[in-house]
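**Q** Below you'll find start25.cif; it's mmCIF, C-alpha atoms.
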```
data_coords
#
loop_
_atom_site.label_atom_id
_atom_site.label_comp_id
_atom_site.auth_asym_id
_atom_site.auth_seq_id
_atom_site.Cartn_x
_atom_site.Cartn_y
_atom_site.Cartn_z
CA MET A 242 43.59 -9.74 -1.55
CA ASP A 243 41.62 -10.29 1.67
CA LYS A 244 41.06 -6.54 1.98
CA VAL A 245 39.65 -6.39 -1.57
CA GLN A 246 37.29 -9.27 -0.87
CA LYS A 247 36.07 -7.63 2.34
CA ALA A 248 35.47 -4.37 0.49
CA LEU A 249 33.48 -6.18 -2.20
CA GLU A 250 31.43 -8.05 0.39
CA SER A 251 30.61 -4.73 2.11
CA ILE A 252 28.81 -3.53 -1.03
CA GLY A 253 27.06 -6.83 -1.63
CA LEU A 254 29.58 -8.61 -3.92
CA SER A 255 30.92 -12.07 -3.30
CA SER A 256 34.44 -13.27 -3.91
CA GLY A 257 33.18 -15.01 -7.06
CA PHE A 258 32.99 -11.60 -8.68
CA LEU A 259 36.75 -11.81 -9.42
CA ASN A 260 36.46 -15.24 -11.04
CA TRP A 261 37.05 -15.11 -14.81
CA GLN A 262 34.72 -18.03 -15.33
CA THR A 263 31.92 -16.13 -13.59
CA LEU A 264 32.61 -13.03 -15.68
CA LEU A 265 32.48 -15.09 -18.89
CA GLN A 266 29.17 -16.68 -17.87
CA ALA A 267 27.75 -13.26 -17.02
CA LEU A 268 28.87 -11.93 -20.42
CA ILE A 269 27.22 -14.85 -22.23
CA LEU A 270 24.03 -14.32 -20.22
CA LEU A 271 24.05 -10.63 -21.12
CA VAL A 272 24.36 -11.42 -24.85
CA VAL A 273 21.52 -13.96 -24.61
CA CYS A 274 19.36 -11.43 -22.77
CA LEU A 275 19.99 -8.75 -25.41
CA ILE A 276 19.05 -11.18 -28.19
CA LEU A 277 15.86 -12.17 -26.37
CA ILE A 278 15.01 -8.50 -25.76
CA LYS A 279 15.38 -7.80 -29.50
CA ILE A 280 13.06 -10.70 -30.35
CA LEU A 281 10.49 -9.67 -27.72
CA MET A 282 10.51 -6.06 -28.93
CA ARG A 283 9.66 -7.25 -32.45
CA ILE A 284 6.71 -9.17 -31.01
CA VAL A 285 5.61 -6.05 -29.11
CA ASP A 286 5.82 -3.97 -32.29
CA ARG A 287 3.60 -6.45 -34.14
CA MET A 288 1.06 -6.47 -31.31
CA LEU A 289 0.96 -2.66 -31.21
CA GLY A 290 0.54 -2.54 -34.99
CA ARG A 291 -2.53 -4.78 -34.77
CA SER A 292 -4.02 -3.06 -31.71
CA ARG A 293 -6.41 -0.10 -31.61
CA ILE A 294 -4.21 1.82 -29.19
CA GLU A 295 -3.56 5.45 -30.18
CA LYS A 296 -0.36 5.61 -32.25
CA THR A 297 1.03 8.34 -30.00
CA MET A 298 1.07 5.74 -27.19
CA HIS A 299 3.12 3.22 -29.18
CA THR A 300 6.48 4.90 -28.51
CA PHE A 301 5.72 5.23 -24.80
CA ILE A 302 4.60 1.60 -24.41
CA ARG A 303 7.56 0.36 -26.43
CA SER A 304 10.00 2.34 -24.25
CA CYS A 305 8.43 1.08 -21.03
CA VAL A 306 8.64 -2.56 -22.15
CA LYS A 307 12.21 -2.17 -23.37
CA TYR A 308 13.47 -0.56 -20.15
CA LEU A 309 11.66 -3.15 -18.07
CA LEU A 310 13.32 -5.98 -19.99
CA LEU A 311 16.73 -4.29 -19.70
CA PHE A 312 16.22 -3.90 -15.94
CA ILE A 313 15.42 -7.60 -15.61
CA ALA A 314 18.51 -8.45 -17.70
CA VAL A 315 20.70 -6.30 -15.42
CA LEU A 316 19.31 -8.07 -12.35
CA LEU A 317 20.00 -11.51 -13.85
CA VAL A 318 23.56 -10.63 -14.83
CA ALA A 319 24.24 -8.96 -11.49
CA SER A 320 22.89 -12.00 -9.64
CA MET A 321 25.23 -14.31 -11.57
CA MET A 322 28.15 -12.04 -10.67
CA GLY A 323 27.29 -12.34 -7.00
CA VAL A 324 25.65 -8.96 -6.44
CA ASN A 325 23.09 -8.74 -3.66
CA ILE A 326 19.87 -8.19 -5.67
CA THR A 327 17.96 -6.77 -2.71
CA SER A 328 20.56 -4.07 -2.22
CA LEU A 329 20.62 -3.32 -5.95
CA ILE A 330 16.81 -2.94 -6.09
CA ALA A 331 16.93 -0.67 -3.03
CA LEU A 332 19.59 1.44 -4.75
CA PHE A 333 17.44 1.74 -7.91
CA SER A 334 14.43 2.68 -5.77
CA ILE A 335 16.31 5.52 -4.08
CA PHE A 336 17.61 6.73 -7.44
CA GLY A 337 14.13 6.54 -8.97
CA LEU A 338 12.63 8.51 -6.08
CA ALA A 339 15.25 11.24 -6.45
CA VAL A 340 14.64 11.50 -10.19
CA SER A 341 10.85 11.57 -9.77
CA LEU A 342 11.07 14.42 -7.25
CA ALA A 343 13.32 16.38 -9.60
CA VAL A 344 11.04 16.01 -12.61
CA GLN A 345 7.62 15.78 -10.95
CA GLY A 346 6.22 18.47 -13.27
CA VAL A 347 7.25 16.47 -16.34
CA LEU A 348 5.86 13.27 -14.81
CA SER A 349 2.56 15.05 -14.09
CA ASN A 350 2.30 16.10 -17.73
CA LEU A 351 3.31 12.60 -18.84
CA ALA A 352 0.59 11.03 -16.69
CA GLY A 353 -1.87 13.60 -18.05
CA GLY A 354 -0.86 12.71 -21.61
CA ILE A 355 -1.48 9.03 -20.95
CA MET A 356 -4.93 9.86 -19.54
CA VAL A 357 -5.74 12.01 -22.58
CA LEU A 358 -4.70 9.25 -24.98
CA LEU A 359 -6.69 6.63 -23.07
CA THR A 360 -9.89 8.62 -22.46
CA LYS A 361 -9.80 10.38 -25.88
CA PRO A 362 -11.73 13.59 -25.08
CA PHE A 363 -10.67 14.84 -28.51
CA LYS A 364 -8.80 13.78 -31.64
CA LEU A 365 -6.69 15.49 -34.27
CA GLY A 366 -8.71 18.14 -36.12
CA ASP A 367 -11.31 18.67 -33.37
CA TYR A 368 -12.22 22.22 -32.40
CA VAL A 369 -11.98 22.53 -28.61
CA LEU A 370 -11.90 24.91 -25.69
CA ILE A 371 -9.35 23.99 -22.99
CA GLY A 372 -9.16 26.50 -20.16
CA ASP A 373 -8.96 29.85 -21.95
CA THR A 374 -7.44 28.40 -25.14
CA GLU A 375 -9.74 27.76 -28.10
CA GLY A 376 -8.77 26.28 -31.43
CA THR A 377 -8.13 23.15 -33.51
CA ILE A 378 -6.14 20.20 -32.18
CA LYS A 379 -2.97 19.95 -34.24
CA GLN A 380 -0.96 17.38 -32.28
CA ILE A 381 -1.42 15.24 -29.17
CA GLY A 382 1.90 14.52 -27.47
CA LEU A 383 2.79 12.71 -24.27
CA THR A 384 3.56 15.92 -22.37
CA HIS A 385 1.82 18.70 -24.36
CA THR A 386 -1.19 19.15 -26.65
CA GLN A 387 -0.76 21.59 -29.54
CA ILE A 388 -3.73 23.83 -30.39
CA ASN A 389 -3.91 26.01 -33.50
CA THR A 390 -6.02 29.09 -32.70
CA LEU A 391 -8.26 31.01 -35.11
CA ASP A 392 -5.63 33.75 -35.49
CA ASN A 393 -3.05 31.07 -36.41
CA LYS A 394 -1.19 30.91 -33.11
CA LEU A 395 0.25 27.57 -32.00
CA VAL A 396 -0.39 27.06 -28.27
CA PHE A 397 1.29 24.27 -26.29
CA VAL A 398 -1.00 23.23 -23.41
CA PRO A 399 0.58 20.97 -20.73
CA ASN A 400 -1.28 17.67 -20.55
CA GLY A 401 -1.41 17.95 -16.77
CA GLU A 402 -3.74 20.93 -17.23
CA VAL A 403 -5.71 19.17 -19.97
CA SER A 404 -6.45 16.06 -17.88
CA ALA A 405 -7.26 18.06 -14.74
CA GLY A 406 -9.26 20.86 -16.38
CA LYS A 407 -12.50 21.29 -18.29
CA VAL A 408 -12.43 20.36 -21.98
CA THR A 409 -15.21 21.47 -24.35
CA ASN A 410 -15.22 19.63 -27.68
CA PHE A 411 -17.32 21.52 -30.24
CA THR A 412 -16.94 18.97 -33.04
CA ALA A 413 -17.36 15.67 -31.21
CA GLU A 414 -21.02 15.30 -32.25
CA GLU A 415 -22.47 15.23 -35.75
CA LYS A 416 -25.00 18.00 -35.04
CA ARG A 417 -24.89 21.34 -33.25
CA MET A 418 -27.59 23.81 -32.27
CA VAL A 419 -27.55 27.39 -33.49
CA GLU A 420 -29.05 29.40 -30.64
CA LEU A 421 -29.69 33.13 -31.06
CA THR A 422 -31.95 35.76 -29.53
CA PHE A 423 -33.67 38.55 -31.48
CA THR A 424 -35.74 41.47 -30.29
CA ALA A 425 -38.85 42.93 -31.90
CA SER A 426 -41.13 45.82 -31.04
CA TYR A 427 -44.23 45.34 -28.86
CA ASP A 428 -46.18 46.65 -31.87
CA ALA A 429 -45.18 43.59 -33.94
CA PRO A 430 -47.64 40.66 -33.60
CA ILE A 431 -46.02 37.62 -32.01
CA ASP A 432 -47.37 35.31 -34.74
CA GLY A 433 -45.93 37.65 -37.36
CA VAL A 434 -42.49 37.45 -35.78
CA TYR A 435 -42.77 33.65 -35.64
CA ARG A 436 -43.59 33.52 -39.37
CA ALA A 437 -40.67 35.84 -40.17
CA LEU A 438 -38.20 33.69 -38.25
CA ARG A 439 -39.51 30.49 -39.86
CA GLU A 440 -39.12 32.15 -43.26
CA LEU A 441 -35.56 33.04 -42.30
CA MET A 442 -34.85 29.42 -41.39
CA ASP A 443 -36.33 28.18 -44.68
CA GLN A 444 -34.09 30.54 -46.66
CA ILE A 445 -30.92 29.07 -45.19
CA PRO A 446 -30.36 25.51 -46.50
CA GLY A 447 -28.09 24.44 -43.63
CA TYR A 448 -30.91 24.05 -41.09
CA LEU A 449 -32.10 20.47 -40.53
CA LYS A 450 -35.73 19.40 -40.34
CA GLU A 451 -34.94 16.88 -37.62
CA PRO A 452 -34.68 17.59 -34.76
CA PRO A 453 -37.36 20.25 -35.39
CA PRO A 454 -36.40 23.90 -34.88
CA ARG A 455 -37.85 25.91 -31.99
CA ILE A 456 -38.90 29.57 -31.87
CA ASN A 457 -40.28 30.92 -28.59
CA VAL A 458 -40.84 34.14 -26.70
CA PHE A 459 -37.88 34.36 -24.32
CA SER A 460 -38.60 37.47 -22.26
CA TYR A 461 -40.45 40.78 -22.15
CA GLY A 462 -38.07 43.69 -21.91
CA SER A 463 -38.60 47.36 -21.12
CA SER A 464 -38.99 48.32 -24.78
CA SER A 465 -39.07 45.03 -26.75
CA ILE A 466 -39.97 41.36 -26.77
CA GLU A 467 -37.05 38.93 -26.95
CA TYR A 468 -37.40 35.77 -29.04
CA LEU A 469 -35.30 32.62 -28.69
CA PHE A 470 -34.28 31.08 -32.01
CA ARG A 471 -32.99 27.48 -32.05
CA GLY A 472 -32.18 25.31 -35.05
CA TRP A 473 -30.05 22.22 -35.63
CA VAL A 474 -27.29 22.03 -38.23
CA LYS A 475 -24.50 19.63 -39.18
CA THR A 476 -21.40 20.43 -37.16
CA PRO A 477 -19.20 21.42 -40.17
CA ASP A 478 -21.93 23.87 -41.29
CA TYR A 479 -22.32 25.58 -37.90
CA TRP A 480 -20.43 28.83 -38.44
CA ASP A 481 -21.67 29.35 -42.02
CA VAL A 482 -25.29 28.99 -40.92
CA TYR A 483 -24.69 31.08 -37.80
CA PHE A 484 -23.38 34.09 -39.74
CA GLN A 485 -25.92 33.71 -42.56
CA THR A 486 -28.69 33.90 -39.96
CA LEU A 487 -27.30 37.09 -38.47
CA ASP A 488 -26.79 38.54 -41.94
CA GLN A 489 -30.35 37.88 -43.17
CA VAL A 490 -32.55 38.37 -40.10
CA LYS A 491 -32.85 42.15 -40.46
CA ARG A 492 -33.65 41.85 -44.17
CA VAL A 493 -36.51 39.45 -43.39
CA PHE A 494 -37.82 41.67 -40.57
CA ASP A 495 -37.67 44.77 -42.80
CA SER A 496 -39.57 42.99 -45.58
CA ARG A 497 -42.38 42.22 -43.12
CA GLY A 498 -42.36 45.62 -41.43
CA ILE A 499 -41.09 44.29 -38.11
CA GLU A 500 -39.01 46.73 -36.10
CA MET A 501 -35.88 45.42 -34.37
CA THR A 502 -35.81 47.66 -31.33
CA TYR A 503 -32.89 48.85 -29.26
CA ASP A 504 -32.64 50.41 -25.82
CA HIS A 505 -33.84 54.01 -25.86
CA ILE A 506 -35.54 56.58 -23.64
CA ASN A 507 -38.71 58.40 -24.52
CA VAL A 508 -38.80 61.95 -23.14
CA HIS A 509 -42.23 63.65 -22.92
CA MET A 510 -42.15 67.42 -22.69
CA ILE A 511 -44.97 69.06 -20.75
CA GLY A 512 -45.32 72.73 -21.56
CA GLY A 513 -46.82 75.29 -19.12
CA ASN A 514 -49.20 78.21 -19.89
CA GLU A 515 -47.44 81.40 -20.75
CA GLN A 516 -48.29 84.41 -18.67
#
```
Give the structure from this file in structure tokens form.
**A**
Amino acid sequence: MDKVQKALESIGLSSGFLNWQTLLQALILLVVCLILIKILMRIVDRMLGRSRIEKTMHTFIRSCVKYLLLFIAVLLVASMMGVNITSLIALFSIFGLAVSLAVQGVLSNLAGGIMVLLTKPFKLGDYVLIGDTEGTIKQIGLTHTQINTLDNKLVFVPNGEVSAGKVTNFTAEEKRMVELTFTASYDAPIDGVYRALRELMDQIPGYLKEPPPRINVFSYGSSSIEYLFRGWVKTPDYWDVYFQTLDQVKRVFDSRGIEMTYDHINVHMIGGNEQ
């Protein structure tokens, strides 16, 4: 019996560990702790339901609180049974370090997911560009963000890359600018090109009056003048207006006799006198 007690003491257990009365008290304490944990988790659920925290975070927060309460319950029960709490915490720390080193990639994505949910650079349904992936946000998870591309591919982007990289959200604002450049011949009067482009903008109902549109000479090329065309639209109308503008600009230029030039080379032949 003395050898058993010495062995228990070597791992931080007292002789009271073998006392049935102590075991019964520890069992009662465990049951009480589990009941309290159940009550506290219901309170946490109610608080999360009333909060403005992203719903995707609810499961993570709930799990963290539950495991924390269970850890405290284990420490209380172990202390009643005579376990050295300091040694137990040190053991958990070593185990936690080993696990974190083994799954550091997953933890990086998990931390990234928490940052994404807290900072909210996008929401479900937003059209974004993350790295070289462009598409609509379909789901925001704790470790991955799902993006549905234009050609209907489902791409899983690790949240570690999302939080550390550049995110462009095309639908975050109510308005977007349609910006295009058009070329016209040097023979076409600048004012005439301005009037043609304003007519084009008036023909397409998606362009907004405020902020006012802008049409300017952008550059003088080797064989044409380049004009910068800028107009504001509501974000949902962006692509419809964009393609309508490209579709109708040549028709408007043709109706006004404005030539849309392209790169070409003029060759002048010089003939000699025949002998």
**Q** Report as a PyMOL selection string the full result of the PyMOL selection byres ((chain A and resi 306) around 12) when it is applied to this structure.
**A** chain A and resi 278-279+281-286+289+299-305+307-313
**Q** Please provide the set of residues having any atom within 7 Å of segment 439-452 of chain A, restricted to all atoms listed in the file, with same-chain residues fewer than 2 positions apart removed, written as number ranges by chain.
**A** A: 435-437, 454, 472-474, 478, 482, 490, 493
**Q** How many Å lie between atom CA of Thr327 of chain A and atom CA of Ile276 of chain A, rounded to one decimal?
**A**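 Separating atom CA of Thr327 of chain A from atom CA of Ile276 of chain A is a distance of 25.9 Å.
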**Q** Hey, what comes out of the PyMOL selection byres ((chain A and resi 405-407) around 12) on this file? Could you write it as a PDB file with C-alpha atoms, in the coordinates of the input?
**A**
```pdb
ATOM      1  CA  SER A 349       2.560  15.050 -14.090  1.00  0.00           C
ATOM      2  CA  ASN A 350       2.300  16.100 -17.730  1.00  0.00           C
ATOM      3  CA  ALA A 352       0.590  11.030 -16.690  1.00  0.00           C
ATOM      4  CA  GLY A 353      -1.870  13.600 -18.050  1.00  0.00           C
ATOM      5  CA  GLY A 354      -0.860  12.710 -21.610  1.00  0.00           C
ATOM      6  CA  MET A 356      -4.930   9.860 -19.540  1.00  0.00           C
ATOM      7  CA  VAL A 357      -5.740  12.010 -22.580  1.00  0.00           C
ATOM      8  CA  PRO A 362     -11.730  13.590 -25.080  1.00  0.00           C
ATOM      9  CA  VAL A 369     -11.980  22.530 -28.610  1.00  0.00           C
ATOM     10  CA  LEU A 370     -11.900  24.910 -25.690  1.00  0.00           C
ATOM     11  CA  ILE A 371      -9.350  23.990 -22.990  1.00  0.00           C
ATOM     12  CA  GLY A 372      -9.160  26.500 -20.160  1.00  0.00           C
ATOM     13  CA  ASP A 373      -8.960  29.850 -21.950  1.00  0.00           C
ATOM     14  CA  THR A 374      -7.440  28.400 -25.140  1.00  0.00           C
ATOM     15  CA  VAL A 398      -1.000  23.230 -23.410  1.00  0.00           C
ATOM     16  CA  PRO A 399       0.580  20.970 -20.730  1.00  0.00           C
ATOM     17  CA  ASN A 400      -1.280  17.670 -20.550  1.00  0.00           C
ATOM     18  CA  GLY A 401      -1.410  17.950 -16.770  1.00  0.00           C
ATOM     19  CA  GLU A 402      -3.740  20.930 -17.230  1.00  0.00           C
ATOM     20  CA  VAL A 403      -5.710  19.170 -19.970  1.00  0.00           C
ATOM     21  CA  SER A 404      -6.450  16.060 -17.880  1.00  0.00           C
ATOM     22  CA  VAL A 408     -12.430  20.360 -21.980  1.00  0.00           C
ATOM     23  CA  THR A 409     -15.210  21.470 -24.350  1.00  0.00           C
ATOM     24  CA  ASN A 410     -15.220  19.630 -27.680  1.00  0.00           C
TER      25      ASN A 410
END
```
**Q** To test your reading of the syntax: which residues would the PyMOL selection byres ((chain A and resi 429) around 10) return for the file shown? Reply as a VMD selection string.
**A** chain A and resid 425 to 428 430 to 434 465 to 466 497 to 501
**Q** I need the residues from that last selection saved to file as a PDB file, in the frame of the given file (with C-alpha atoms), if you can.
**A**
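Once written, out.pdb looks like this:
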```pdb
ATOM      1  CA  ALA A 425     -38.850  42.930 -31.900  1.00  0.00           C
ATOM      2  CA  SER A 426     -41.130  45.820 -31.040  1.00  0.00           C
ATOM      3  CA  TYR A 427     -44.230  45.340 -28.860  1.00  0.00           C
ATOM      4  CA  ASP A 428     -46.180  46.650 -31.870  1.00  0.00           C
ATOM      5  CA  PRO A 430     -47.640  40.660 -33.600  1.00  0.00           C
ATOM      6  CA  ILE A 431     -46.020  37.620 -32.010  1.00  0.00           C
ATOM      7  CA  ASP A 432     -47.370  35.310 -34.740  1.00  0.00           C
ATOM      8  CA  GLY A 433     -45.930  37.650 -37.360  1.00  0.00           C
ATOM      9  CA  VAL A 434     -42.490  37.450 -35.780  1.00  0.00           C
ATOM     10  CA  SER A 465     -39.070  45.030 -26.750  1.00  0.00           C
ATOM     11  CA  ILE A 466     -39.970  41.360 -26.770  1.00  0.00           C
ATOM     12  CA  ARG A 497     -42.380  42.220 -43.120  1.00  0.00           C
ATOM     13  CA  GLY A 498     -42.360  45.620 -41.430  1.00  0.00           C
ATOM     14  CA  ILE A 499     -41.090  44.290 -38.110  1.00  0.00           C
ATOM     15  CA  GLU A 500     -39.010  46.730 -36.100  1.00  0.00           C
ATOM     16  CA  MET A 501     -35.880  45.420 -34.370  1.00  0.00           C
TER      17      MET A 501
END
```
**Q** Against segment 261-266 of chain A, which residues of segment 270-325 of chain A fall within 9 Å? For each one I want the closest pair of atoms and the distance in Å (one decimal), counting only C-alpha atoms, rows by chain and increasing residue number, as a tab-separated table.
**A**
```
residue	atom	partner	partner_atom	distance
A:Leu270	CA	A:Gln266	CA	6.1
A:Leu271	CA	A:Gln266	CA	8.6
A:Val318	CA	A:Gln266	CA	8.8
A:Met321	CA	A:Thr263	CA	7.2
A:Met322	CA	A:Thr263	CA	6.3
A:Gly323	CA	A:Thr263	CA	8.9
```
